[in-house]
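Chemist: Below you will find the structure I want to go over with you.
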Amino acid sequence: MSDFENAIEIKGLTKKYDGFTLDNVSFCVPKGSIMGFIGQNGAGKTTTIKALLNVIKPDGGTIEMLGMDNSTHELEIKEHIAAVFDEIPFHDSFTADMLSVMFKGLYSTWDEKTYNNYLERFGLPRKKKLGKFSKGMKMKLQIATALSHGARLLIMDEATTGLDPVVRNEILDIFREYLQDDENSILMSSHITSDLEKIADCVTFIDRGKILLTGYKDDILDKHGVIKCTKNELAQIDSADIISARVNDFCAEVMVAEKDEAKKKYHGMTIDSTTLEEIMLFYVNRDKKEWS
Amino acid sequence: MRGSFFCLVKREFYTSKKGFITGSIGLAAAMVLFILILLSAYHGNIKQMFDYIVEPAQAASEMTEYLDEQIALTTETISIYYKVIALAVKYVPLLYAGFLASTVANTAIYDDKKLWVYFRRSTPVPPWKFSLANAVMYAIAAVFEIAVGVVYLAIISAVTGTEFLAQDIAVLLTFIAVGLLFAFIFQTLIKLLHSVDRAGIALVIAVFGTVVPYNIIHTIVDPEGAKQAADNGFDIQGTLDFLTNNLLPFLPLIIVAILSLIFISNYILLERREK
């Protein structure tokens with residue numbers, strides 16, 4: 001594996017479907033970081049991940065993973081990555097022990113000792129069939145398998161969706177531990193922005209197949225702000241500054257992309273910090289400009 | 001360096017294990033049952049019954065409660081009965097054994113999960129290796145079928161005191177080839193239709209769709225031959241002779257060809273990407 005700066009580097013990724021287009025998607029996941037890949041259902045997150053895994057053939061663009069082109073070095077890349085999905089991809093009749101046998105067949109770097117340690121740590125039974133596992137147990141098992149062959153990049157597709165907060169926190173702790181090694185990186189697609197707010201270093205926001213925002217999470221949060229104002233004050237705000245505005249009978253909340261500029265420009269108004277969830281909501285409604 | 005191929009084959013075994021074990025138990029039970037029938041025909045009650053029949057006077061005096069005096073069984077008729085029993089005892093379990101390999105098609109059922117496809121794509125194992133593991137599992141199942149079949153035929157030969165015939169091997173290999181062919185079609189249909197039920201129905205339609213038009217065309221093209229076949233029934237001996245004299249040398253090749261077909265079709269199906 002050559003030295004590389006970005007664990008994932010996507011440039012101009014395009015895939016056309018009837019009724020949906022992944023349109024010129026470009027973003028990077030810096031090595032050693034966790035990238036939150038945010039978007040509502042159907043925004044294009046899974047399509048992007050399918051392109052990363054070579055499940056689909058893109059119509060255009062290039063993808064580099066771990067410093068290698070993902071079509072010419074596919075198998076080499078895949079020795080060093082692991083994918084985790086919202087549902088376990090193995091049949092219900094498998095057991096944790098059988099999975100270990102199967103993974104020995106899949107990866108030359110499969111480390112049974114590490115796997116056993118994870119099973120013990122997560123309190124997962126070895127002989128019980130997966131069909132009898134809870135959703136949280138299944139997710140922990142997937143993560144145990146993903147972390148037991150020395151993967152340098154984890155690709156997670158809605159992996160924390162549907163889990164209770166306790167299990168989600170446990171899983172986030174595991175990811176933090178995994179990222180202690182600077183060589184490891186994570187791409188975590190999710191629409192649960194609170195998880196990403198806790199853990200992500202970078203964020204990419206996709207909507208209707210287009211990347212709307214990408215960069216370091218703190219920068220994005222610092223730059224964006226919500227102006228809280230009356231309806232009359234809303235009329236005074238330059239429409240070019242507005243991402244969109246949530247309006248009710250009494251007041252309005254306006255998302256702006258340049259908080260510091262807005263503070264100077266609209267100094268009489270209150271400008272609050274925002275969250276990833278709010279950013280997602282205001283951007284999703286950007287075409288309407290005003291929504292309630 | 002890649003993961004262990006043996007472990008991939010083991011995965012195939014794991015997914016087909018349940019059906020394979022259940023099928024093997026059923027096969028063993030059928031074999032025991034048929035051996036008991038054979039023992040009875042050669043050394044037990046069925047033999048005794050036939051012994052009485054070949055001496056009608058004795059039968060009439062001793063077995064009037066059990067046999068109708070009007071039944072006039074001759075030695076010739078009884079020898080036909082013995083042939084039928086011998087054929088059924090020999091070949092029905094072999095037919096069952098021939099379809100044991102079809103349990104390997106279970107892997108297709110296990111793998112017919114959208115996320116498994118995505119997961120498989122995330123691994124460094126190329127599609128040909130998964131296909132080869134599947135074909136190897138079919139080959140192992142076929143070897144198992146041959147071993148079980150040969151042991152069974154040896155027991156039958158010992159019980160009947162007859163020789164082990166080339167015809168028996170021809171029948172065994174034919175059943176295995178047909179079983180593999182059906183398993184291949186079924187597995188391919190599961191992968192294409194993403195449903196065991198739909199694949200089952202499609203298989204039945206495919207079989208009838210082949211047999212019925214064949215018979216109709218045969219009747220139209222060769223009405224005399226069709227009438228003769230209908231009058232005389234299925235020519236068992238002729239078929240067995242054809243299998244032994246004409247097909248036997250090619251049967252191992254046919255089996256290898258079907259296994260290759262399984263590998264190639266699997267590879268094509270695994271290699272294709274989502275549109």
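By order in the structure tokens, chains are A, B, ...; within a chain, residues start at 1; ligands start at 1, following the order shown.
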Quick one: which residues from chain A are at most 9 Å off chain B, using only C-alpha atoms, as number ranges by chain?
Modeler: A: 17, 50, 52-57, 74-85, 87-94, 98-99, 101-110
Chemist: Considering only alpha helix (DSSP H) as DSSP defines it on the backbone, what residues of region 137-274 of chain A qualify? List them as an MDAnalysis selection string.
Modeler: chainID A and resid 137:146 165:178 193:199 217:223 231:236 259:265
Chemist: Now that the selection is made, can you save its residues with N, CA and C atoms as a short mmCIF file (atom, residue, chain, number, x, y, z; two decimals), in the first residue's frame?
Modeler:
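Okay, this is what ended up in out31.cif:
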```cif
data_model
loop_
_atom_site.label_atom_id
_atom_site.label_comp_id
_atom_site.auth_asym_id
_atom_site.auth_seq_id
_atom_site.Cartn_x
_atom_site.Cartn_y
_atom_site.Cartn_z
N MET A 137 -27.02 -6.70 18.97
CA MET A 137 -26.03 -7.79 18.96
C MET A 137 -25.53 -8.04 17.54
N LYS A 138 -26.47 -7.99 16.59
CA LYS A 138 -26.07 -8.22 15.19
C LYS A 138 -25.10 -7.14 14.73
N MET A 139 -25.39 -5.89 15.13
CA MET A 139 -24.51 -4.80 14.72
C MET A 139 -23.13 -4.96 15.35
N LYS A 140 -23.11 -5.34 16.64
CA LYS A 140 -21.82 -5.53 17.31
C LYS A 140 -21.03 -6.66 16.63
N LEU A 141 -21.75 -7.70 16.23
CA LEU A 141 -21.08 -8.82 15.56
C LEU A 141 -20.49 -8.37 14.22
N GLN A 142 -21.26 -7.58 13.49
CA GLN A 142 -20.74 -7.06 12.21
C GLN A 142 -19.48 -6.24 12.46
N ILE A 143 -19.52 -5.43 13.51
CA ILE A 143 -18.35 -4.58 13.79
C ILE A 143 -17.17 -5.45 14.23
N ALA A 144 -17.46 -6.48 15.01
CA ALA A 144 -16.39 -7.40 15.43
C ALA A 144 -15.71 -8.03 14.22
N THR A 145 -16.52 -8.44 13.23
CA THR A 145 -15.92 -9.04 12.03
C THR A 145 -15.14 -7.99 11.23
N ALA A 146 -15.71 -6.77 11.19
CA ALA A 146 -15.07 -5.71 10.40
C ALA A 146 -13.71 -5.31 10.99
N PRO A 165 -29.99 4.22 22.10
CA PRO A 165 -28.89 5.15 22.37
C PRO A 165 -27.70 4.50 23.10
N VAL A 166 -27.99 3.53 23.96
CA VAL A 166 -26.90 2.90 24.73
C VAL A 166 -25.97 2.14 23.78
N VAL A 167 -26.56 1.33 22.92
CA VAL A 167 -25.75 0.55 21.97
C VAL A 167 -25.03 1.49 21.01
N ARG A 168 -25.75 2.55 20.58
CA ARG A 168 -25.12 3.50 19.65
C ARG A 168 -23.89 4.12 20.28
N ASN A 169 -24.01 4.49 21.55
CA ASN A 169 -22.86 5.09 22.24
C ASN A 169 -21.71 4.11 22.37
N GLU A 170 -22.05 2.85 22.68
CA GLU A 170 -21.02 1.81 22.79
C GLU A 170 -20.26 1.69 21.47
N ILE A 171 -21.04 1.71 20.39
CA ILE A 171 -20.43 1.56 19.06
C ILE A 171 -19.56 2.77 18.73
N LEU A 172 -20.04 3.94 19.08
CA LEU A 172 -19.24 5.14 18.82
C LEU A 172 -17.93 5.09 19.60
N ASP A 173 -17.98 4.53 20.80
CA ASP A 173 -16.74 4.38 21.59
C ASP A 173 -15.74 3.46 20.88
N ILE A 174 -16.30 2.40 20.29
CA ILE A 174 -15.41 1.46 19.57
C ILE A 174 -14.74 2.19 18.40
N PHE A 175 -15.50 3.02 17.73
CA PHE A 175 -14.93 3.76 16.59
C PHE A 175 -13.84 4.72 17.06
N ARG A 176 -14.09 5.36 18.18
CA ARG A 176 -13.07 6.29 18.72
C ARG A 176 -11.78 5.52 18.99
N GLU A 177 -11.95 4.34 19.56
CA GLU A 177 -10.80 3.48 19.87
C GLU A 177 -10.07 3.09 18.57
N TYR A 178 -10.86 2.75 17.56
CA TYR A 178 -10.29 2.34 16.26
C TYR A 178 -9.49 3.49 15.65
N THR A 193 -27.91 12.61 12.69
CA THR A 193 -26.83 13.61 12.73
C THR A 193 -26.23 13.76 14.13
N SER A 194 -27.01 13.40 15.15
CA SER A 194 -26.48 13.56 16.52
C SER A 194 -25.25 12.68 16.73
N ASP A 195 -25.27 11.47 16.14
CA ASP A 195 -24.11 10.58 16.26
C ASP A 195 -22.89 11.20 15.60
N LEU A 196 -23.11 11.76 14.43
CA LEU A 196 -21.99 12.34 13.67
C LEU A 196 -21.47 13.59 14.36
N GLU A 197 -22.39 14.30 14.97
CA GLU A 197 -21.99 15.51 15.71
C GLU A 197 -21.00 15.14 16.83
N LYS A 198 -21.26 13.96 17.42
CA LYS A 198 -20.40 13.51 18.53
C LYS A 198 -19.03 13.07 18.04
N ILE A 199 -19.01 12.41 16.91
CA ILE A 199 -17.80 11.67 16.56
C ILE A 199 -17.07 12.13 15.30
N LYS A 217 -16.10 19.29 10.16
CA LYS A 217 -17.37 19.51 10.85
C LYS A 217 -17.37 20.83 11.60
N ASP A 218 -16.29 21.10 12.34
CA ASP A 218 -16.25 22.32 13.16
C ASP A 218 -16.32 23.57 12.29
N ASP A 219 -15.64 23.51 11.14
CA ASP A 219 -15.70 24.66 10.22
C ASP A 219 -17.12 24.90 9.75
N ILE A 220 -17.78 23.78 9.38
CA ILE A 220 -19.16 23.91 8.86
C ILE A 220 -20.08 24.46 9.95
N LEU A 221 -19.92 23.94 11.17
CA LEU A 221 -20.77 24.42 12.26
C LEU A 221 -20.46 25.88 12.61
N ASP A 222 -19.17 26.22 12.55
CA ASP A 222 -18.78 27.61 12.86
C ASP A 222 -19.31 28.60 11.82
N LYS A 223 -19.28 28.17 10.60
CA LYS A 223 -19.67 29.09 9.52
C LYS A 223 -21.18 29.33 9.48
N LYS A 231 -41.04 38.44 11.35
CA LYS A 231 -41.34 38.33 9.91
C LYS A 231 -40.94 39.62 9.18
N ASN A 232 -41.09 40.74 9.87
CA ASN A 232 -40.72 42.01 9.25
C ASN A 232 -39.21 42.08 9.03
N GLU A 233 -38.47 41.60 10.04
CA GLU A 233 -37.00 41.60 9.91
C GLU A 233 -36.55 40.65 8.79
N LEU A 234 -37.28 39.58 8.62
CA LEU A 234 -36.95 38.62 7.57
C LEU A 234 -36.92 39.30 6.19
N ALA A 235 -37.86 40.24 6.01
CA ALA A 235 -37.94 40.94 4.72
C ALA A 235 -36.69 41.79 4.47
N GLN A 236 -36.00 42.15 5.58
CA GLN A 236 -34.80 42.99 5.42
C GLN A 236 -33.53 42.18 5.08
N LYS A 259 -21.90 33.02 8.97
CA LYS A 259 -22.40 33.55 10.24
C LYS A 259 -21.71 34.88 10.59
N ASP A 260 -20.39 34.95 10.46
CA ASP A 260 -19.66 36.16 10.86
C ASP A 260 -20.05 37.36 10.00
N GLU A 261 -20.20 37.08 8.70
CA GLU A 261 -20.64 38.15 7.79
C GLU A 261 -22.01 38.65 8.21
N ALA A 262 -22.89 37.67 8.50
CA ALA A 262 -24.27 38.01 8.85
C ALA A 262 -24.32 38.81 10.14
N LYS A 263 -23.44 38.48 11.07
CA LYS A 263 -23.40 39.21 12.35
C LYS A 263 -23.11 40.69 12.10
N LYS A 264 -22.19 40.91 11.16
CA LYS A 264 -21.84 42.31 10.85
C LYS A 264 -22.99 43.00 10.11
N LYS A 265 -23.56 42.25 9.19
CA LYS A 265 -24.58 42.83 8.30
C LYS A 265 -25.90 43.09 9.03
#
```
Chemist: Please measure the separation of CA of Ile21 (chain B) and CA of Ile140 (chain B), giving the value in Å to one decimal.
Modeler: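 Spanning CA of Ile21 (chain B) to CA of Ile140 (chain B) is a straight-line distance of 14.1 Å.
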Chemist: Would you mind listing what lies within 10 Å of Gly98 (chain B) as a list in words, with only C-alpha atoms counted and same-chain residues fewer than 4 positions away left out?
Modeler: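 Counting only the stated atoms, we get Val92, Pro93, Leu94, Ser102, Ala141, Ala142, Phe144, Glu145, Ile146, Gly149, Val171, Leu172, Leu173, Thr174, Phe175, Ile176, Ala177, Val178, Gly179 and Leu180 of chain B.
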Chemist: Give me the residues within 9 Å of Gly162 (chain A) as a ChimeraX atom specification, counting only C-alpha atoms and dropping any in the same chain fewer than 6 places off.
Modeler: /A:86,135-136
